[in-house]
>>> print(open('run_27.csv').read())   # CSV, C-alpha atoms and all ligand atoms
chain,number,residue,atom,x,y,z
A,21,MET,CA,140.3,-145.6,219.5
A,22,THR,CA,137.5,-148.2,220.0
A,23,TYR,CA,134.1,-147.0,221.1
A,24,ALA,CA,130.9,-148.8,222.2
A,25,ARG,CA,128.0,-147.3,220.3
A,26,ILE,CA,124.2,-147.7,220.8
A,27,ILE,CA,122.9,-149.5,217.7
A,28,GLY,CA,119.4,-150.2,219.0
A,29,THR,CA,117.0,-149.5,221.9
A,30,GLY,CA,113.9,-151.3,223.2
A,31,SER,CA,111.5,-151.2,226.1
A,32,TYR,CA,108.5,-152.8,227.7
A,33,LEU,CA,105.9,-151.6,230.1
A,34,PRO,CA,103.4,-154.0,231.7
A,35,GLU,CA,99.8,-153.6,230.6
A,36,LYS,CA,98.2,-152.8,233.9
A,37,ILE,CA,98.1,-149.1,234.7
A,38,LEU,CA,97.6,-147.7,238.2
A,39,THR,CA,96.5,-144.0,238.1
A,40,ASN,CA,96.7,-141.5,240.9
A,41,GLN,CA,92.9,-141.8,241.2
A,42,ASP,CA,93.3,-145.5,241.8
A,43,LEU,CA,95.8,-144.8,244.6
A,44,GLU,CA,93.3,-142.4,246.2
A,45,GLN,CA,91.2,-145.5,246.9
A,46,ILE,CA,94.1,-147.3,248.6
A,47,VAL,CA,95.9,-144.7,250.7
A,48,GLU,CA,95.1,-141.2,252.0
A,49,THR,CA,96.5,-139.2,249.1
A,50,SER,CA,95.4,-137.1,246.2
A,51,ASP,CA,96.1,-136.8,242.5
A,52,GLN,CA,96.9,-133.1,243.2
A,53,TRP,CA,99.5,-133.9,245.9
A,54,ILE,CA,101.2,-136.6,243.8
A,55,GLN,CA,101.3,-134.4,240.6
A,56,GLU,CA,102.5,-131.3,242.4
A,57,ARG,CA,105.3,-133.1,244.4
A,58,THR,CA,106.5,-135.6,241.9
A,59,GLY,CA,104.9,-135.0,238.4
A,60,ILE,CA,103.6,-138.6,238.4
A,61,ARG,CA,100.1,-139.2,236.9
A,62,GLN,CA,100.2,-143.0,236.5
A,63,ARG,CA,102.5,-146.0,236.7
A,64,HIS,CA,102.6,-149.6,235.2
A,65,VAL,CA,102.4,-152.6,237.4
A,66,ALA,CA,103.6,-156.1,236.5
A,67,ALA,CA,100.8,-158.7,236.4
A,68,GLU,CA,100.7,-161.5,238.9
A,69,GLY,CA,103.3,-164.1,237.8
A,70,GLN,CA,105.1,-161.6,235.5
A,71,SER,CA,108.7,-161.5,236.5
A,72,CYS,CA,111.6,-159.2,236.0
A,73,SER,CA,113.1,-161.5,233.4
A,74,ASP,CA,109.8,-161.5,231.5
A,75,LEU,CA,109.9,-157.7,231.2
A,76,ALA,CA,113.6,-157.6,230.4
A,77,THR,CA,113.3,-160.3,227.7
A,78,ILE,CA,110.6,-158.3,225.8
A,79,ALA,CA,112.6,-155.1,226.1
A,80,ALA,CA,115.8,-156.8,225.0
A,81,GLN,CA,114.2,-158.5,222.0
A,82,ARG,CA,112.8,-155.1,220.9
A,83,ALA,CA,116.3,-153.6,221.2
A,84,LEU,CA,117.8,-156.5,219.1
A,85,ASP,CA,115.1,-155.9,216.4
A,86,ALA,CA,115.8,-152.2,216.4
A,87,ALA,CA,119.5,-152.9,216.0
A,88,GLY,CA,118.9,-155.4,213.2
A,89,VAL,CA,120.9,-158.1,214.9
A,90,THR,CA,119.8,-161.4,216.4
A,91,ALA,CA,120.4,-163.1,219.8
A,92,ALA,CA,123.3,-165.1,218.2
A,93,ASP,CA,125.2,-161.8,217.7
A,94,ILE,CA,125.3,-161.0,221.4
A,95,ASP,CA,128.6,-161.6,223.3
A,96,LEU,CA,127.7,-160.2,226.7
A,97,ILE,CA,124.6,-159.3,228.8
A,98,VAL,CA,124.7,-156.9,231.8
A,99,LEU,CA,121.5,-156.3,233.6
A,100,GLY,CA,120.8,-153.7,236.3
A,101,THR,CA,118.1,-154.6,238.7
A,102,CYS,CA,117.3,-154.7,242.4
A,103,THR,CA,114.2,-156.9,241.9
A,104,PRO,CA,115.6,-160.0,240.3
A,105,ASP,CA,113.5,-163.1,239.7
A,106,ARG,CA,115.6,-165.3,242.0
A,107,VAL,CA,118.5,-165.1,244.3
A,108,PHE,CA,120.4,-167.0,241.6
A,109,PRO,CA,120.7,-167.6,238.7
A,110,SER,CA,121.0,-163.9,237.8
A,111,THR,CA,118.2,-162.4,235.8
A,112,ALA,CA,120.8,-161.8,233.0
A,113,CYS,CA,121.3,-165.6,232.8
A,114,LEU,CA,117.5,-166.2,232.6
A,115,VAL,CA,117.2,-163.5,229.9
A,116,GLN,CA,120.2,-165.0,228.0
A,117,HIS,CA,118.4,-168.4,227.8
A,118,ARG,CA,115.0,-166.9,227.0
A,119,LEU,CA,116.3,-164.8,224.1
A,120,GLY,CA,118.3,-167.7,222.7
A,121,VAL,CA,121.7,-166.0,223.1
A,122,PRO,CA,124.2,-168.9,222.7
A,123,GLY,CA,125.4,-170.2,226.1
A,124,GLY,CA,129.0,-169.6,227.0
A,125,SER,CA,129.1,-165.8,226.8
A,126,PRO,CA,129.1,-163.9,230.1
A,127,ALA,CA,125.8,-162.7,231.6
A,128,PHE,CA,125.4,-161.1,235.0
A,129,ASP,CA,123.4,-158.6,237.0
A,130,VAL,CA,124.6,-155.4,238.7
A,131,SER,CA,123.0,-154.1,241.8
A,132,ALA,CA,123.1,-150.3,242.1
A,133,ALA,CA,119.3,-149.6,242.7
A,134,CYS,CA,118.1,-146.7,240.5
A,135,SER,CA,121.7,-146.2,239.1
A,136,GLY,CA,121.7,-149.8,237.9
A,137,PHE,CA,121.4,-149.1,234.2
A,138,VAL,CA,124.3,-146.5,234.2
A,139,TYR,CA,126.4,-148.9,236.2
A,140,ALA,CA,125.6,-151.7,233.7
A,141,LEU,CA,126.4,-149.4,230.7
A,142,ASP,CA,129.8,-148.5,232.3
A,143,VAL,CA,130.7,-152.2,232.7
A,144,ALA,CA,129.6,-153.3,229.2
A,145,ARG,CA,131.3,-150.4,227.4
A,146,ARG,CA,134.6,-151.2,229.1
A,147,TYR,CA,134.3,-154.8,228.0
A,148,LEU,CA,133.7,-153.8,224.4
A,149,GLU,CA,136.4,-151.2,224.4
A,150,THR,CA,139.0,-153.7,225.6
A,151,GLY,CA,138.1,-156.5,223.2
A,152,GLY,CA,135.8,-158.4,225.4
A,153,GLY,CA,133.3,-159.0,222.6
A,154,LYS,CA,131.7,-157.2,219.7
A,155,ARG,CA,128.1,-156.7,220.9
A,156,ALA,CA,126.5,-156.4,224.3
A,157,LEU,CA,123.0,-156.1,225.6
A,158,VAL,CA,122.6,-153.7,228.5
A,159,ILE,CA,119.3,-153.9,230.3
A,160,GLY,CA,117.6,-152.1,233.2
A,161,ALA,CA,114.6,-154.0,234.4
A,162,GLU,CA,112.5,-153.8,237.6
A,163,THR,CA,109.4,-155.2,239.2
A,164,ILE,CA,109.8,-152.7,242.0
A,165,THR,CA,106.1,-152.5,242.9
A,166,ARG,CA,106.7,-155.9,244.5
A,167,LEU,CA,108.8,-154.1,247.1
A,168,LEU,CA,106.1,-151.6,248.1
A,169,ASP,CA,104.1,-151.3,251.3
A,170,TRP,CA,100.7,-150.4,249.9
A,171,SER,CA,99.7,-148.8,253.2
A,172,ASP,CA,102.7,-146.4,253.1
A,173,ARG,CA,101.6,-143.3,251.1
A,174,SER,CA,105.1,-141.8,251.2
A,175,THR,CA,106.5,-144.5,249.0
A,176,CYS,CA,103.7,-146.5,247.3
A,177,VAL,CA,102.7,-143.6,245.0
A,178,LEU,CA,106.2,-143.2,243.6
A,179,PHE,CA,107.2,-146.4,241.9
A,180,GLY,CA,106.3,-148.4,238.8
A,181,ASP,CA,107.5,-151.5,236.8
A,182,GLY,CA,109.2,-151.7,233.4
A,183,ALA,CA,112.3,-152.6,231.4
A,184,GLY,CA,114.5,-150.9,228.9
A,185,ALA,CA,117.5,-152.2,226.9
A,186,VAL,CA,120.2,-151.1,224.5
A,187,VAL,CA,122.4,-153.0,222.1
A,188,LEU,CA,126.0,-151.8,222.1
A,189,GLU,CA,128.5,-152.5,219.3
A,190,SER,CA,132.2,-151.8,219.3
A,191,GLY,CA,133.8,-149.9,216.5
A,192,GLU,CA,135.7,-146.7,215.6
A,193,GLN,CA,132.7,-144.5,215.3
A,194,PRO,CA,132.2,-142.4,218.5
A,195,GLY,CA,129.5,-143.6,220.8
A,196,ILE,CA,129.8,-143.6,224.6
A,197,LEU,CA,132.3,-140.9,225.2
A,198,SER,CA,132.6,-141.3,229.0
A,199,THR,CA,130.8,-142.9,232.0
A,200,HIS,CA,131.2,-141.7,235.6
A,201,LEU,CA,130.2,-143.8,238.6
A,202,HIS,CA,130.1,-143.0,242.3
A,203,ALA,CA,128.8,-144.5,245.5
A,204,ASP,CA,128.6,-143.4,249.2
A,205,GLY,CA,127.4,-146.1,251.6
A,206,GLN,CA,127.1,-143.8,254.5
A,207,TYR,CA,123.5,-143.0,253.4
A,208,GLU,CA,122.2,-146.6,253.8
A,209,ASP,CA,119.4,-145.6,256.2
A,210,LEU,CA,117.9,-142.9,253.9
A,211,LEU,CA,116.7,-145.2,251.1
A,212,GLY,CA,116.6,-149.0,250.9
A,213,VAL,CA,114.9,-152.3,251.8
A,214,PRO,CA,116.0,-153.1,255.3
A,215,TRP,CA,115.9,-156.9,254.8
A,216,GLY,CA,118.1,-159.3,252.8
A,217,ILE,CA,118.7,-163.0,252.5
A,218,SER,CA,121.7,-163.0,254.9
A,219,GLN,CA,119.5,-161.7,257.8
A,220,GLY,CA,117.5,-164.9,257.7
A,221,PHE,CA,113.8,-165.5,257.0
A,222,GLU,CA,112.9,-165.1,260.7
A,223,GLU,CA,113.6,-161.4,260.4
A,224,LEU,CA,111.3,-161.0,257.4
A,225,ASN,CA,108.1,-159.5,258.6
A,226,GLU,CA,105.5,-157.6,256.6
A,227,ARG,CA,107.4,-154.3,256.7
A,228,ALA,CA,111.0,-155.5,256.5
A,229,GLY,CA,110.8,-156.5,252.8
A,230,THR,CA,109.6,-153.2,251.5
A,231,ILE,CA,111.1,-149.9,250.5
A,232,GLU,CA,111.8,-147.3,253.2
A,233,MET,CA,112.8,-143.8,252.2
A,234,ARG,CA,113.4,-140.5,254.0
A,235,GLY,CA,112.2,-138.7,250.8
A,236,ASN,CA,112.9,-135.2,251.7
A,237,GLU,CA,116.5,-135.9,252.7
A,238,VAL,CA,117.1,-138.0,249.6
A,239,PHE,CA,115.7,-135.2,247.5
A,240,LYS,CA,118.2,-132.7,248.8
A,241,VAL,CA,121.2,-135.0,248.3
A,242,ALA,CA,120.0,-136.0,244.9
A,243,VAL,CA,119.7,-132.4,243.6
A,244,ARG,CA,123.1,-131.5,245.0
A,245,THR,CA,124.8,-134.6,243.7
A,246,LEU,CA,123.3,-134.6,240.2
A,247,GLY,CA,124.4,-130.9,239.8
A,248,ARG,CA,128.0,-132.0,240.6
A,249,ILE,CA,128.0,-134.9,238.1
A,250,VAL,CA,126.8,-132.7,235.3
A,251,ASP,CA,130.0,-130.6,235.7
A,252,GLU,CA,132.2,-133.6,236.2
A,253,THR,CA,130.9,-135.2,232.9
A,254,LEU,CA,131.3,-132.1,230.8
A,255,ASP,CA,134.7,-131.2,232.2
A,256,ALA,CA,136.0,-134.7,231.5
A,257,ASN,CA,135.1,-134.3,227.9
A,258,GLY,CA,136.1,-130.6,227.5
A,259,LEU,CA,132.5,-129.7,226.5
A,260,LYS,CA,130.2,-126.9,227.3
A,261,LYS,CA,126.6,-127.1,228.6
A,262,SER,CA,125.3,-125.9,225.3
A,263,ASP,CA,126.9,-128.8,223.5
A,264,VAL,CA,124.4,-131.2,225.0
A,265,ASN,CA,121.3,-131.9,222.9
A,266,TRP,CA,119.3,-134.0,225.2
A,267,LEU,CA,119.2,-134.7,229.0
A,268,VAL,CA,117.9,-138.3,229.6
A,269,PRO,CA,117.6,-138.4,233.4
A,270,HIS,CA,116.6,-141.0,235.9
A,271,GLN,CA,112.9,-140.4,236.4
A,272,ALA,CA,112.2,-140.1,240.2
A,273,ASN,CA,110.7,-136.7,240.5
A,274,VAL,CA,110.1,-134.0,237.9
A,275,ARG,CA,111.3,-131.4,240.4
A,276,ILE,CA,114.7,-133.2,240.6
A,277,ILE,CA,114.8,-133.4,236.8
A,278,ALA,CA,114.0,-129.7,236.5
A,279,ALA,CA,116.8,-128.8,238.9
A,280,THR,CA,119.3,-130.7,236.8
A,281,ALA,CA,118.1,-129.2,233.6
A,282,LYS,CA,118.5,-125.7,235.2
A,283,LYS,CA,122.0,-126.6,236.2
A,284,LEU,CA,122.6,-127.4,232.5
A,285,ASP,CA,120.8,-124.1,231.4
A,286,MET,CA,118.7,-126.5,229.3
A,287,PRO,CA,115.0,-125.8,228.5
A,288,MET,CA,112.6,-128.6,229.5
A,289,GLU,CA,111.9,-129.2,225.8
A,290,ARG,CA,115.3,-130.8,225.6
A,291,VAL,CA,114.8,-133.0,228.5
A,292,VAL,CA,113.2,-136.5,228.1
A,293,VAL,CA,110.5,-136.7,230.8
A,294,THR,CA,108.5,-139.9,231.3
A,295,VAL,CA,108.0,-139.8,235.0
A,296,GLY,CA,104.4,-138.7,234.5
A,297,GLU,CA,103.5,-141.9,232.7
A,298,HIS,CA,105.9,-144.4,234.2
A,299,GLY,CA,106.6,-143.2,237.8
A,300,ASN,CA,110.0,-144.2,239.2
A,301,THR,CA,111.0,-147.5,237.6
A,302,SER,CA,114.4,-147.5,239.2
A,303,ALA,CA,117.1,-149.1,236.9
A,304,ALA,CA,114.6,-149.2,234.0
A,305,SER,CA,113.8,-145.5,234.0
A,306,ILE,CA,116.7,-144.3,231.8
A,307,PRO,CA,116.5,-146.9,229.1
A,308,LEU,CA,112.7,-146.5,229.0
A,309,ALA,CA,113.0,-142.8,228.5
A,310,LEU,CA,115.8,-143.2,226.0
A,311,ASP,CA,113.7,-145.7,223.9
A,312,ALA,CA,110.7,-143.4,224.1
A,313,ALA,CA,112.6,-140.4,222.7
A,314,VAL,CA,114.4,-142.5,220.0
A,315,ARG,CA,111.1,-144.1,218.8
A,316,ASP,CA,109.1,-140.9,218.6
A,317,GLY,CA,112.0,-139.2,216.6
A,318,ARG,CA,113.1,-136.6,219.2
A,319,ILE,CA,116.6,-138.1,219.6
A,320,GLN,CA,118.4,-138.2,216.3
A,321,ARG,CA,121.7,-139.9,215.2
A,322,GLY,CA,124.8,-137.7,215.9
A,323,GLU,CA,123.2,-135.8,218.8
A,324,LEU,CA,124.9,-135.6,222.2
A,325,LEU,CA,123.0,-137.2,225.1
A,326,LEU,CA,123.7,-136.8,228.8
A,327,LEU,CA,122.3,-139.6,231.0
A,328,GLU,CA,122.3,-139.3,234.7
A,329,ALA,CA,121.0,-141.4,237.7
A,330,PHE,CA,120.8,-141.3,241.4
A,331,GLY,CA,119.6,-144.1,243.8
A,332,GLY,CA,119.9,-146.2,246.9
A,333,GLY,CA,123.3,-146.8,248.3
A,334,PHE,CA,123.6,-143.9,247.5
A,335,THR,CA,124.8,-144.6,244.0
A,336,TRP,CA,125.0,-142.1,241.2
A,337,GLY,CA,126.4,-141.9,237.8
A,338,SER,CA,126.3,-140.4,234.3
A,339,ALA,CA,127.1,-141.2,230.7
A,340,LEU,CA,127.9,-138.9,227.8
A,341,ILE,CA,126.9,-140.4,224.5
A,342,ARG,CA,127.2,-139.4,220.9
A,343,TYR,CA,124.1,-141.2,219.7
B,1,LIG,O1,114.9,-143.0,242.7
B,1,LIG,C1,115.8,-143.0,243.8
B,1,LIG,C2,115.9,-141.7,244.5
B,1,LIG,N1,114.6,-141.2,245.0
B,1,LIG,C3,114.4,-140.0,244.9
B,1,LIG,O2,115.1,-139.2,244.3
B,1,LIG,C4,113.1,-139.5,245.6
B,1,LIG,C5,113.5,-138.2,246.3
B,1,LIG,N2,112.4,-137.6,247.1
B,1,LIG,C6,111.2,-137.1,246.6
B,1,LIG,O3,111.0,-137.2,245.4
B,1,LIG,C7,110.3,-136.3,247.5
B,1,LIG,O4,111.0,-136.1,248.7
B,1,LIG,C8,109.0,-137.0,247.7
B,1,LIG,C9,108.1,-137.0,246.5
B,1,LIG,C10,109.2,-138.4,248.1
B,1,LIG,C11,108.2,-136.3,248.8
B,1,LIG,O5,108.0,-134.9,248.5
B,1,LIG,P1,108.4,-133.8,249.6
B,1,LIG,O6,108.0,-132.5,249.0
B,1,LIG,O7,109.8,-134.0,250.0
B,1,LIG,O8,107.4,-134.1,250.8
B,1,LIG,P2,107.7,-134.5,252.3
B,1,LIG,O9,108.3,-135.9,252.4
B,1,LIG,O10,108.5,-133.4,253.0
B,1,LIG,O11,106.2,-134.5,252.9
B,1,LIG,C12,105.4,-133.4,252.9
B,1,LIG,C13,104.0,-133.8,253.5
B,1,LIG,C14,104.1,-134.6,254.8
B,1,LIG,O12,103.1,-134.1,255.6
B,1,LIG,P3,103.4,-133.1,256.8
B,1,LIG,O13,104.4,-133.8,257.7
B,1,LIG,O14,103.9,-131.8,256.2
B,1,LIG,O15,102.0,-132.9,257.4
B,1,LIG,C15,103.8,-136.0,254.4
B,1,LIG,O16,103.2,-136.7,255.4
B,1,LIG,O17,103.3,-134.6,252.6
B,1,LIG,C16,102.8,-135.8,253.2
B,1,LIG,N3,102.7,-136.9,252.3
B,1,LIG,C17,101.7,-137.1,251.5
B,1,LIG,N4,100.5,-136.5,251.3
B,1,LIG,C18,99.7,-136.9,250.4
B,1,LIG,C19,103.7,-137.8,252.0
B,1,LIG,N5,103.3,-138.6,251.0
B,1,LIG,C20,102.0,-138.2,250.7
B,1,LIG,C21,101.1,-138.7,249.8
B,1,LIG,N6,99.9,-138.0,249.7
B,1,LIG,N7,101.3,-139.7,248.9
>>> encode(input="run_27.csv", output="structure tokens")
Amino acid sequence: MTYARIIGTGSYLPEKILTNQDLEQIVETSDQWIQERTGIRQRHVAAEGQSCSDLATIAAQRALDAAGVTAADIDLIVLGTCTPDRVFPSTACLVQHRLGVPGGSPAFDVSAACSGFVYALDVARRYLETGGGKRALVIGAETITRLLDWSDRSTCVLFGDGAGAVVLESGEQPGILSTHLHADGQYEDLLGVPWGISQGFEELNERAGTIEMRGNEVFKVAVRTLGRIVDETLDANGLKKSDVNWLVPHQANVRIIAATAKKLDMPMERVVVTVGEHGNTSAASIPLALDAAVRDGRIQRGELLLLEAFGGGFTWGSALIRY
């Protein structure tokens, strides 16, 4: 049996921090409301001119360093984002060149909003398991604050920028045990950016290029759906809730995270929570959280990790990983 195993993690957060107090100066909101409803205290914001590939390249280099490999060892790059540098080339191609990964190996983006990293992980692990290379870089990177309407308090307080990455290597040692992906396009109006290139630039007004979300409805579907995927993931592996050492969830809202932890009968000490410091960084949130807990020594080799995500589409997914 061939597995894809995580051999290194890395992440990057832009320098600029926007606190809840800063937001109180921009829209009618309060630190208390934001913390109570979401758990967010601050978020990072990409500097002017800093692109998604800039963030991704730093995170990816840190993952390569942690893995003890070089760019020349990488056979595949899969990058999850909904805020790419350009329409094309893909952000993965830009990162490939900037890192110095030899040209010729495949590099592409996947678009699954906040589930982008789990989707990318699924694709990359299947490549490695079926002989499509020895090592892959899997990246989640977003400059999602570029998509915010800074006069809409219901969305602008929620999001932040960042990037996270893992290096996967194929081998016989267990690593990613299973991945589970889902999508349901009927919810297109609950969460999204209502404009895209094919609508033409005449349709692009100030509002059309920004995130719109019916938060409360999204919240309810997210809690219900993530509860289901926990069961699906454990059942597929014949494992019990108590076998899981760490929950590494998508960081949208601490109340959603707590509901999933409850479903797992898991105390919050075993849940990696970064939403307070990062806000919702969309596809970057899981690899950012994973890297934080690996670097501070919480997550140890051999432990069982459950990753789960939910986002626009709707898309959702999970990964069960022997780290
Ligand atoms: O990552 C992809 C998936 N995204 C998610 O999973 C996000 C899911 N949704 C959520 O996290 C929550 O629904 C929110 C944090 C977005 C909102 O929390 P909520 O408890 O669902 O609040 P709500 O939308 O029901 O709004 C409650 C009130 C409203 O006022 P009224 O109508 O009750 O008078 C809003 O106008 O809070 C008001 N409000 C605010 N007040 C202060 C909305 N945004 C703000 C704000 N500051 N920033």
>>> residues_around(input="run_27.csv", residues="Glu44 (chain A)", least_positions_apart="6", cutoff="12 Å", atoms="only C-alpha atoms", output="PyMOL selection string")
chain A and resi 38+50-54+61-62+170-171+173+176-177
>>> atom_distance(input="run_27.csv", atom1="CA of Ala67 (chain A)", atom2="CA of Pro109 (chain A)")
21.9 Å
>>> axis_aligned_box(input="run_27.csv", around="ligand LIG 1 (chain B)", padding_each_side="3 Å", output="AutoDock Vina command-line options")
--center_x 107.8 --center_y -137.4 --center_z 250.2 --size_x 22.2 --size_y 17.2 --size_z 21.0
>>> residues_around(input="run_27.csv", residues="region 266-280 of chain A", least_positions_apart="2", cutoff="7 Å", atoms="all atoms listed in the file", output="PyMOL selection string")
chain A and resi 58-59+243+246-247+264+282-284+290-292+294-295+299-300+305-306+309-310+324-330
>>> residues_around(input="run_27.csv", residues="Leu157 (chain A)", least_positions_apart="4", cutoff="6 Å", atoms="only C-alpha atoms", output="MDAnalysis selection string")
chainID A and resid 97 186:187
>>> closest_residue(input="run_27.csv", among="A:Phe179, A:Tyr207, A:Phe221, A:Trp336", to="Gly296 (chain A)", atoms="all atoms listed in the file")
A:Phe179
>>> closest_residue(input="run_27.csv", among="A:Asp142, A:Asp181, A:Glu237, A:Asp42", to="Ile341 (chain A)", atoms="all atoms listed in the file")
A:Asp142
>>> decode(input="run_27.csv", residues="region 142-156 of chain A", atoms="N, CA and C atoms", output="PDB file, in the first residue's frame")
ATOM      1  N   ASP A 142      -6.644  16.221  -1.412  1.00  0.00           N
ATOM      2  CA  ASP A 142      -7.247  15.024  -2.000  1.00  0.00           C
ATOM      3  C   ASP A 142      -6.628  14.719  -3.368  1.00  0.00           C
ATOM      4  N   VAL A 143      -6.538  15.750  -4.205  1.00  0.00           N
ATOM      5  CA  VAL A 143      -5.995  15.554  -5.558  1.00  0.00           C
ATOM      6  C   VAL A 143      -4.537  15.095  -5.480  1.00  0.00           C
ATOM      7  N   ALA A 144      -3.745  15.793  -4.678  1.00  0.00           N
ATOM      8  CA  ALA A 144      -2.306  15.510  -4.620  1.00  0.00           C
ATOM      9  C   ALA A 144      -2.043  14.113  -4.059  1.00  0.00           C
ATOM     10  N   ARG A 145      -2.797  13.721  -3.056  1.00  0.00           N
ATOM     11  CA  ARG A 145      -2.514  12.402  -2.465  1.00  0.00           C
ATOM     12  C   ARG A 145      -2.861  11.288  -3.455  1.00  0.00           C
ATOM     13  N   ARG A 146      -3.887  11.513  -4.273  1.00  0.00           N
ATOM     14  CA  ARG A 146      -4.239  10.490  -5.274  1.00  0.00           C
ATOM     15  C   ARG A 146      -3.133  10.396  -6.340  1.00  0.00           C
ATOM     16  N   TYR A 147      -2.556  11.526  -6.747  1.00  0.00           N
ATOM     17  CA  TYR A 147      -1.408  11.508  -7.673  1.00  0.00           C
ATOM     18  C   TYR A 147      -0.283  10.642  -7.103  1.00  0.00           C
ATOM     19  N   LEU A 148       0.080  10.936  -5.853  1.00  0.00           N
ATOM     20  CA  LEU A 148       1.238  10.245  -5.271  1.00  0.00           C
ATOM     21  C   LEU A 148       0.939   8.762  -5.067  1.00  0.00           C
ATOM     22  N   GLU A 149      -0.270   8.441  -4.653  1.00  0.00           N
ATOM     23  CA  GLU A 149      -0.615   7.038  -4.403  1.00  0.00           C
ATOM     24  C   GLU A 149      -0.613   6.201  -5.688  1.00  0.00           C
ATOM     25  N   THR A 150      -0.841   6.871  -6.821  1.00  0.00           N
ATOM     26  CA  THR A 150      -0.918   6.119  -8.083  1.00  0.00           C
ATOM     27  C   THR A 150       0.323   6.323  -8.954  1.00  0.00           C
ATOM     28  N   GLY A 151       1.411   6.765  -8.317  1.00  0.00           N
ATOM     29  CA  GLY A 151       2.685   6.833  -9.032  1.00  0.00           C
ATOM     30  C   GLY A 151       2.914   8.104  -9.827  1.00  0.00           C
ATOM     31  N   GLY A 152       2.097   9.126  -9.594  1.00  0.00           N
ATOM     32  CA  GLY A 152       2.250  10.388 -10.333  1.00  0.00           C
ATOM     33  C   GLY A 152       3.263  11.320  -9.696  1.00  0.00           C
ATOM     34  N   GLY A 153       4.350  10.774  -9.201  1.00  0.00           N
ATOM     35  CA  GLY A 153       5.391  11.597  -8.566  1.00  0.00           C
ATOM     36  C   GLY A 153       5.719  11.099  -7.179  1.00  0.00           C
ATOM     37  N   LYS A 154       6.834  11.598  -6.640  1.00  0.00           N
ATOM     38  CA  LYS A 154       7.289  11.184  -5.305  1.00  0.00           C
ATOM     39  C   LYS A 154       6.901  12.219  -4.252  1.00  0.00           C
ATOM     40  N   ARG A 155       7.004  13.508  -4.636  1.00  0.00           N
ATOM     41  CA  ARG A 155       6.714  14.572  -3.653  1.00  0.00           C
ATOM     42  C   ARG A 155       5.830  15.662  -4.256  1.00  0.00           C
ATOM     43  N   ALA A 156       4.919  16.156  -3.430  1.00  0.00           N
ATOM     44  CA  ALA A 156       4.006  17.222  -3.876  1.00  0.00           C
ATOM     45  C   ALA A 156       3.966  18.344  -2.852  1.00  0.00           C
TER      46      ALA A 156
END
